[in-house]
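K.L.:
What follows is model_21.pdb, made up of PDB, C-alpha atoms:
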MODEL        1
ATOM      1  CA  MET E 288      24.405  30.971   0.329
ATOM      2  CA  GLN E 289      21.203  32.817  -0.413
ATOM      3  CA  HIS E 290      19.350  31.838  -3.563
ATOM      4  CA  GLN E 291      19.279  34.498  -6.341
ATOM      5  CA  THR E 292      15.472  34.838  -6.402
ATOM      6  CA  GLU E 293      15.388  35.333  -2.621
ATOM      7  CA  ARG E 294      17.859  38.206  -2.996
ATOM      8  CA  ILE E 295      15.484  39.986  -5.378
ATOM      9  CA  GLY E 296      12.497  39.529  -3.048
ATOM     10  CA  ILE E 297      10.828  36.368  -4.375
ATOM     11  CA  ARG E 298      10.588  33.664  -1.721
ATOM     12  CA  THR E 299      11.609  30.177  -2.768
ATOM     13  CA  ARG E 300      11.310  28.546   0.682
ATOM     14  CA  TYR E 301       8.737  28.573   3.403
ATOM     15  CA  ASP E 302       9.605  30.396   6.605
ATOM     16  CA  LEU E 303      11.429  28.469   9.332
ATOM     17  CA  PHE E 304       8.299  28.109  11.498
ATOM     18  CA  SER E 305       6.335  26.520   8.620
ATOM     19  CA  ARG E 306       9.188  24.165   7.798
ATOM     20  CA  LEU E 307       9.601  23.114  11.435
ATOM     21  CA  LEU E 308       5.874  22.480  11.830
ATOM     22  CA  HIS E 309       5.830  20.479   8.594
ATOM     23  CA  TRP E 310       8.693  18.153   9.554
ATOM     24  CA  VAL E 311       7.731  17.727  13.222
ATOM     25  CA  ILE E 312       4.153  16.873  12.247
ATOM     26  CA  ALA E 313       5.292  14.595   9.391
ATOM     27  CA  ALA E 314       7.657  12.654  11.658
ATOM     28  CA  ALA E 315       5.090  12.372  14.445
ATOM     29  CA  MET E 316       2.332  11.302  12.037
ATOM     30  CA  PHE E 317       4.558   8.573  10.558
ATOM     31  CA  TYR E 318       5.330   7.317  14.050
ATOM     32  CA  ILE E 319       1.684   7.527  15.149
ATOM     33  CA  MET E 320       0.450   5.677  12.064
ATOM     34  CA  ILE E 321       3.100   2.951  12.201
ATOM     35  CA  VAL E 322       2.535   2.347  15.916
ATOM     36  CA  GLY E 323      -1.234   2.570  15.465
ATOM     37  CA  TYR E 324      -1.209  -0.201  12.870
ATOM     38  CA  SER E 325       1.349  -2.192  14.895
ATOM     39  CA  LEU E 326      -0.930  -2.216  17.954
ATOM     40  CA  HIS E 327      -3.002  -4.904  16.228
ATOM     41  CA  PHE E 328      -0.007  -7.258  16.462
ATOM     42  CA  MET E 329       0.975  -6.666  20.113
ATOM     43  CA  PRO E 330      -0.320  -9.554  22.215
ATOM     44  CA  ASP E 331       1.321  -8.479  25.509
ATOM     45  CA  GLU E 332      -1.142  -6.165  27.293
ATOM     46  CA  ARG E 333       1.550  -4.130  29.095
ATOM     47  CA  ILE E 334       3.428  -3.436  25.858
ATOM     48  CA  PHE E 335       0.160  -2.693  24.054
ATOM     49  CA  THR E 336      -0.907  -0.242  26.788
ATOM     50  CA  PHE E 337       2.458   1.534  26.784
ATOM     51  CA  PHE E 338       2.504   2.052  23.013
ATOM     52  CA  SER E 339      -1.214   2.802  22.830
ATOM     53  CA  GLU E 340      -1.021   5.503  25.510
ATOM     54  CA  THR E 341       2.193   6.933  24.040
ATOM     55  CA  ASN E 342       0.483   7.045  20.650
ATOM     56  CA  MET E 343      -2.582   8.780  22.057
ATOM     57  CA  SER E 344      -0.363  11.207  23.981
ATOM     58  CA  LEU E 345       1.530  12.136  20.814
ATOM     59  CA  ALA E 346      -1.738  12.516  18.930
ATOM     60  CA  LEU E 347      -2.969  14.825  21.675
ATOM     61  CA  VAL E 348       0.134  17.007  21.217
ATOM     62  CA  MET E 349      -0.229  16.854  17.421
ATOM     63  CA  THR E 350      -3.818  18.117  17.428
ATOM     64  CA  PRO E 351      -3.065  21.705  18.538
ATOM     65  CA  LEU E 352       0.131  21.694  16.441
ATOM     66  CA  MET E 353      -1.981  20.832  13.384
ATOM     67  CA  ALA E 354      -4.430  23.605  14.271
ATOM     68  CA  ILE E 355      -1.507  26.041  14.530
ATOM     69  CA  ARG E 356      -0.111  24.796  11.226
ATOM     70  CA  PHE E 357      -3.489  25.116   9.539
ATOM     71  CA  LEU E 358      -4.027  28.666  10.820
ATOM     72  CA  TRP E 359      -0.435  29.785  10.215
ATOM     73  CA  ARG E 360      -0.724  29.126   6.483
ATOM     74  CA  PHE E 361      -3.140  32.072   6.265
ATOM     75  CA  PHE E 362      -0.540  34.398   7.799
ATOM     76  CA  ARG E 363       2.822  33.100   6.581
ATOM     77  CA  PRO E 364       4.617  34.697   3.661
ATOM     78  CA  SER E 365       3.612  33.332   0.266
ATOM     79  CA  VAL E 366       5.960  31.073  -1.692
ATOM     80  CA  PRO E 367       5.034  31.102  -5.391
ATOM     81  CA  TYR E 368       5.353  27.939  -7.461
ATOM     82  CA  GLY E 369       6.873  29.817 -10.371
ATOM     83  CA  GLU E 370       7.326  27.593 -13.409
ATOM     84  CA  MET E 371       6.951  24.362 -11.385
ATOM     85  CA  LEU E 372       3.148  24.408 -11.465
ATOM     86  CA  LYS E 373       0.719  26.277 -13.656
ATOM     87  CA  GLY E 374      -2.998  26.581 -14.256
ATOM     88  CA  HIS E 375      -5.119  23.614 -13.229
ATOM     89  CA  GLY E 376      -2.108  21.848 -11.723
ATOM     90  CA  LYS E 377      -1.754  24.586  -9.129
ATOM     91  CA  GLY E 378      -5.463  24.384  -8.297
ATOM     92  CA  LEU E 379      -5.256  20.601  -7.980
ATOM     93  CA  VAL E 380      -2.283  20.889  -5.619
ATOM     94  CA  HIS E 381      -4.191  23.364  -3.440
ATOM     95  CA  LEU E 382      -7.252  21.093  -3.359
ATOM     96  CA  LEU E 383      -5.179  18.032  -2.459
ATOM     97  CA  HIS E 384      -3.454  19.925   0.351
ATOM     98  CA  GLU E 385      -6.872  20.925   1.737
ATOM     99  CA  VAL E 386      -7.943  17.264   1.639
ATOM    100  CA  PHE E 387      -4.640  16.322   3.318
ATOM    101  CA  TYR E 388      -5.289  18.768   6.186
ATOM    102  CA  LEU E 389      -8.888  17.552   6.502
ATOM    103  CA  LEU E 390      -7.830  13.895   6.665
ATOM    104  CA  ILE E 391      -5.241  14.603   9.351
ATOM    105  CA  PHE E 392      -7.858  16.396  11.450
ATOM    106  CA  VAL E 393     -10.408  13.605  10.929
ATOM    107  CA  VAL E 394      -7.834  10.973  11.961
ATOM    108  CA  LEU E 395      -6.821  12.902  15.080
ATOM    109  CA  ILE E 396     -10.322  13.871  16.209
ATOM    110  CA  SER E 397     -11.935  10.505  15.462
ATOM    111  CA  GLY E 398      -9.070   8.838  17.336
ATOM    112  CA  PHE E 399     -10.175  10.581  20.525
ATOM    113  CA  LEU E 400     -13.904  10.228  19.927
ATOM    114  CA  MET E 401     -13.537   6.461  19.516
ATOM    115  CA  LEU E 402     -11.967   5.995  22.977
ATOM    116  CA  GLU E 403     -13.946   3.598  25.142
ATOM    117  CA  LYS E 404     -11.874   4.550  28.188
ATOM    118  CA  GLY E 405      -9.559   7.350  29.226
ATOM    119  CA  PHE E 406      -5.765   7.184  29.262
ATOM    120  CA  GLN E 407      -2.792   8.829  30.895
ATOM    121  CA  ILE E 408      -0.979  11.470  28.867
ATOM    122  CA  PHE E 409       2.636  10.265  28.789
ATOM    123  CA  GLY E 410       1.850   8.314  31.969
ATOM    124  CA  VAL E 411       1.357  11.487  34.020
ATOM    125  CA  ILE E 412      -2.000  13.248  33.490
ATOM    126  CA  ASP E 413      -5.379  11.530  33.253
ATOM    127  CA  PHE E 414      -7.254  12.203  30.022
ATOM    128  CA  PRO E 415     -10.904  11.173  30.285
ATOM    129  CA  ARG E 416     -12.894   9.509  27.567
ATOM    130  CA  PRO E 417     -14.439  12.434  25.604
ATOM    131  CA  VAL E 418     -17.705  10.658  24.716
ATOM    132  CA  ALA E 419     -19.267   8.133  27.074
ATOM    133  CA  ASN E 420     -21.535   6.441  24.538
ATOM    134  CA  LEU E 421     -20.381   3.063  23.220
ATOM    135  CA  GLU E 422     -22.361   3.364  19.967
ATOM    136  CA  VAL E 423     -20.814   6.764  19.249
ATOM    137  CA  ASN E 424     -17.349   5.432  20.152
ATOM    138  CA  ARG E 425     -17.767   2.507  17.769
ATOM    139  CA  PHE E 426     -18.984   4.807  14.981
ATOM    140  CA  PHE E 427     -15.875   6.949  15.361
ATOM    141  CA  PHE E 428     -13.727   3.816  15.452
ATOM    142  CA  VAL E 429     -14.961   3.048  11.925
ATOM    143  CA  VAL E 430     -14.435   6.684  10.884
ATOM    144  CA  HIS E 431     -10.920   6.515  12.359
ATOM    145  CA  ARG E 432     -10.012   3.303  10.523
ATOM    146  CA  CYS E 433     -11.327   4.579   7.180
ATOM    147  CA  SER E 434      -9.674   7.979   7.543
ATOM    148  CA  CYS E 435      -6.355   6.325   8.496
ATOM    149  CA  VAL E 436      -6.453   4.317   5.274
ATOM    150  CA  ALA E 437      -7.328   7.455   3.283
ATOM    151  CA  LEU E 438      -4.533   9.403   5.019
ATOM    152  CA  ALA E 439      -2.025   6.640   4.257
ATOM    153  CA  GLY E 440      -3.075   6.879   0.599
ATOM    154  CA  MET E 441      -2.725  10.664   0.680
ATOM    155  CA  ILE E 442       0.760  10.367   2.195
ATOM    156  CA  MET E 443       1.767   7.973  -0.579
ATOM    157  CA  LEU E 444       0.368  10.388  -3.183
ATOM    158  CA  HIS E 445       2.261  13.264  -1.542
ATOM    159  CA  LEU E 446       5.551  11.344  -1.475
ATOM    160  CA  THR E 447       5.062  10.229  -5.079
ATOM    161  CA  ALA E 448       4.456  13.830  -6.173
ATOM    162  CA  VAL E 449       7.567  15.033  -4.344
ATOM    163  CA  ILE E 450       9.662  12.299  -5.982
ATOM    164  CA  LYS E 451       8.165  13.065  -9.401
ATOM    165  CA  HIS E 452       8.765  16.814  -9.162
ATOM    166  CA  HIS E 453      12.158  16.664  -7.485
ATOM    167  CA  TYR E 454      13.838  13.706  -9.149
ATOM    168  CA  LEU E 455      12.080  13.225 -12.492
ATOM    169  CA  GLU E 456      11.187  16.802 -13.436
ATOM    170  CA  LYS E 457      14.198  18.298 -11.600
ATOM    171  CA  ASN E 458      12.051  21.035 -10.001
ATOM    172  CA  ALA E 459      13.218  22.614  -6.763
ATOM    173  CA  ILE E 460       9.867  21.848  -5.136
ATOM    174  CA  LEU E 461      11.432  19.890  -2.271
ATOM    175  CA  ARG E 462      13.705  22.821  -1.472
ATOM    176  CA  ARG E 463      10.618  24.831  -0.501
ATOM    177  CA  MET E 464      10.318  22.738   2.701
ATOM    178  CA  LEU E 465      14.011  22.186   3.423
TER     179      LEU E 465
ENDMDL
END
Just give me the structure as structure tokens.
P.N.:
Amino acid sequence: MQHQTERIGIRTRYDLFSRLLHWVIAAAMFYIMIVGYSLHFMPDERIFTFFSETNMSLALVMTPLMAIRFLWRFFRPSVPYGEMLKGHGKGLVHLLHEVFYLLIFVVLISGFLMLEKGFQIFGVIDFPRPVANLEVNRFFFVVHRCSCVALAGMIMLHLTAVIKHHYLEKNAILRRML
């Protein structure tokens, strides 16, 4: 059943493409981050290599999807917050989403720039090491680790805000992405 405000021309949900990108990227990023942290506890080299290369392959797919998602937000139909957010709160939400996008890009890009050797994309196509300078690779390793921690914090903040708005304040903010 169509929501009353959508019948009168006010959007209450993002378009299907935006919602699909959001959930595909969210699921993939959770997987990538969990596996990425888990790699530190995988002593078997064959298992480590499999999960490491699968992780890098997924990250490689996620990078253009994130670029598409970032660019699409400038073209997609607007979904107003209505009474859910006002004034400075709306500005803060916009700023935090910009930081969220930036952190995801930093994590993805630094993940490739830190590579000390190439890998096979899903075990099929060779992907060479983008930068063949060990000092640069090690610098981006540090950037990658720090940005992963910051992104994990941002994800927790995002989830906390969704829970607060949806369950405590009874706003329909979650419905916007469902």
K.L.:
With the PyMOL selection byres ((chain E and resi 352-363) around 10) as the selection, what would be picked from this file? Answer as a list in words, please.
P.N.:
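That expression, the PyMOL selection byres ((chain E and resi 352-363) around 10), corresponds here to Tyr301, Asp302, Phe304, Ser305, Arg306, Leu307, Leu308, His309, Val311, Ile312, Ala346, Leu347, Val348, Met349, Thr350, Pro351, Pro364, Ser365, Val366, Glu385, Tyr388, Leu389, Ile391, Phe392 and Leu395 of chain E.
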K.L.:
Please write the residues from the selection above to a file, keeping C-alpha atoms, as a JSON list (two decimals), keeping the file's coordinate frame.
P.N.:
[["chain", "number", "residue", "atom", "x", "y", "z"],
["E", 301, "TYR", "CA", 8.74, 28.57, 3.40],
["E", 302, "ASP", "CA", 9.60, 30.40, 6.60],
["E", 304, "PHE", "CA", 8.30, 28.11, 11.50],
["E", 305, "SER", "CA", 6.34, 26.52, 8.62],
["E", 306, "ARG", "CA", 9.19, 24.16, 7.80],
["E", 307, "LEU", "CA", 9.60, 23.11, 11.44],
["E", 308, "LEU", "CA", 5.87, 22.48, 11.83],
["E", 309, "HIS", "CA", 5.83, 20.48, 8.59],
["E", 311, "VAL", "CA", 7.73, 17.73, 13.22],
["E", 312, "ILE", "CA", 4.15, 16.87, 12.25],
["E", 346, "ALA", "CA", -1.74, 12.52, 18.93],
["E", 347, "LEU", "CA", -2.97, 14.82, 21.68],
["E", 348, "VAL", "CA", 0.13, 17.01, 21.22],
["E", 349, "MET", "CA", -0.23, 16.85, 17.42],
["E", 350, "THR", "CA", -3.82, 18.12, 17.43],
["E", 351, "PRO", "CA", -3.06, 21.70, 18.54],
["E", 364, "PRO", "CA", 4.62, 34.70, 3.66],
["E", 365, "SER", "CA", 3.61, 33.33, 0.27],
["E", 366, "VAL", "CA", 5.96, 31.07, -1.69],
["E", 385, "GLU", "CA", -6.87, 20.92, 1.74],
["E", 388, "TYR", "CA", -5.29, 18.77, 6.19],
["E", 389, "LEU", "CA", -8.89, 17.55, 6.50],
["E", 391, "ILE", "CA", -5.24, 14.60, 9.35],
["E", 392, "PHE", "CA", -7.86, 16.40, 11.45],
["E", 395, "LEU", "CA", -6.82, 12.90, 15.08]]
K.L.:
Have a look at E:Arg298, E:Ser434, E:Glu422, E:Ile460 and name the one nearest to Ala448 in chain E; count all atoms listed in the file.
P.N.:
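Of E:Arg298, E:Ser434, E:Glu422, E:Ile460, the one nearest Ala448 in chain E is E:Ile460, counting all atoms listed in the file.
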K.L.:
So that I can check the surroundings of range 315-326 of chain E, please list as a ChimeraX atom specification every protein, DNA and RNA residue that reaches within 10 Å of it, counting all atoms listed in the file and ignoring chain neighbours fewer than 5 positions away.
P.N.:
/E:310,334-336,338-339,341-346,348-349,391,394-395,432,435-436,438-439,442
K.L.:
Determine the residue membership of the PyMOL selection byres ((chain E and resi 424) around 10) for the file above and supply it as a list in words.
P.N.:
Ser397, Gly398, Phe399, Leu400, Met401, Leu402, Glu403, Lys404, Arg416, Pro417, Val418, Ala419, Asn420, Leu421, Glu422, Val423, Arg425, Phe426, Phe427, Phe428, Val429 and Val430 of chain E
K.L.:
Grab the CA of Ala314 in chain E to CA of Gly376 in chain E distance for me, in Å with one decimal place.
P.N.:
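Computed distance, CA of Ala314 in chain E to CA of Gly376 in chain E, equals 27.0 Å.
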K.L.:
Please, what distance in Å, to one decimal, runs between CA of His375 in chain E and CA of Leu465 in chain E?
P.N.:
25.4 Å
K.L.:
As lines of an AutoDock Vina configuration file, please report the centre and edge lengths, rounded to one decimal in Å, of the axis-aligned box that holds all listed atoms of range 375-383 of chain E with 3 Å of padding on each of the six sides.
P.N.:
center_x = -4.5
center_y = 21.3
center_z = -7.8
size_x = 11.5
size_y = 12.6
size_z = 16.8
K.L.:
Show which residues sit within 10 Å of Phe387 in chain E, as a PyMOL selection string. Count all atoms listed in the file, and ignore same-chain residues fewer than 6 positions away.
P.N.:
chain E and resi 381+393+437-438+440-442+445
K.L.:
Restricting the output to C-alpha atoms, write the selected residues as a compact mmCIF listing (two decimals), keeping the file's coordinate frame.
P.N.:
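Wrote it out as part.txt, contents follow:
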# COMPACT_ATOMS: atom_id res chain seq x y z
CA HIS E 381 -4.19 23.36 -3.44
CA VAL E 393 -10.41 13.60 10.93
CA ALA E 437 -7.33 7.46 3.28
CA LEU E 438 -4.53 9.40 5.02
CA GLY E 440 -3.08 6.88 0.60
CA MET E 441 -2.72 10.66 0.68
CA ILE E 442 0.76 10.37 2.19
CA HIS E 445 2.26 13.26 -1.54
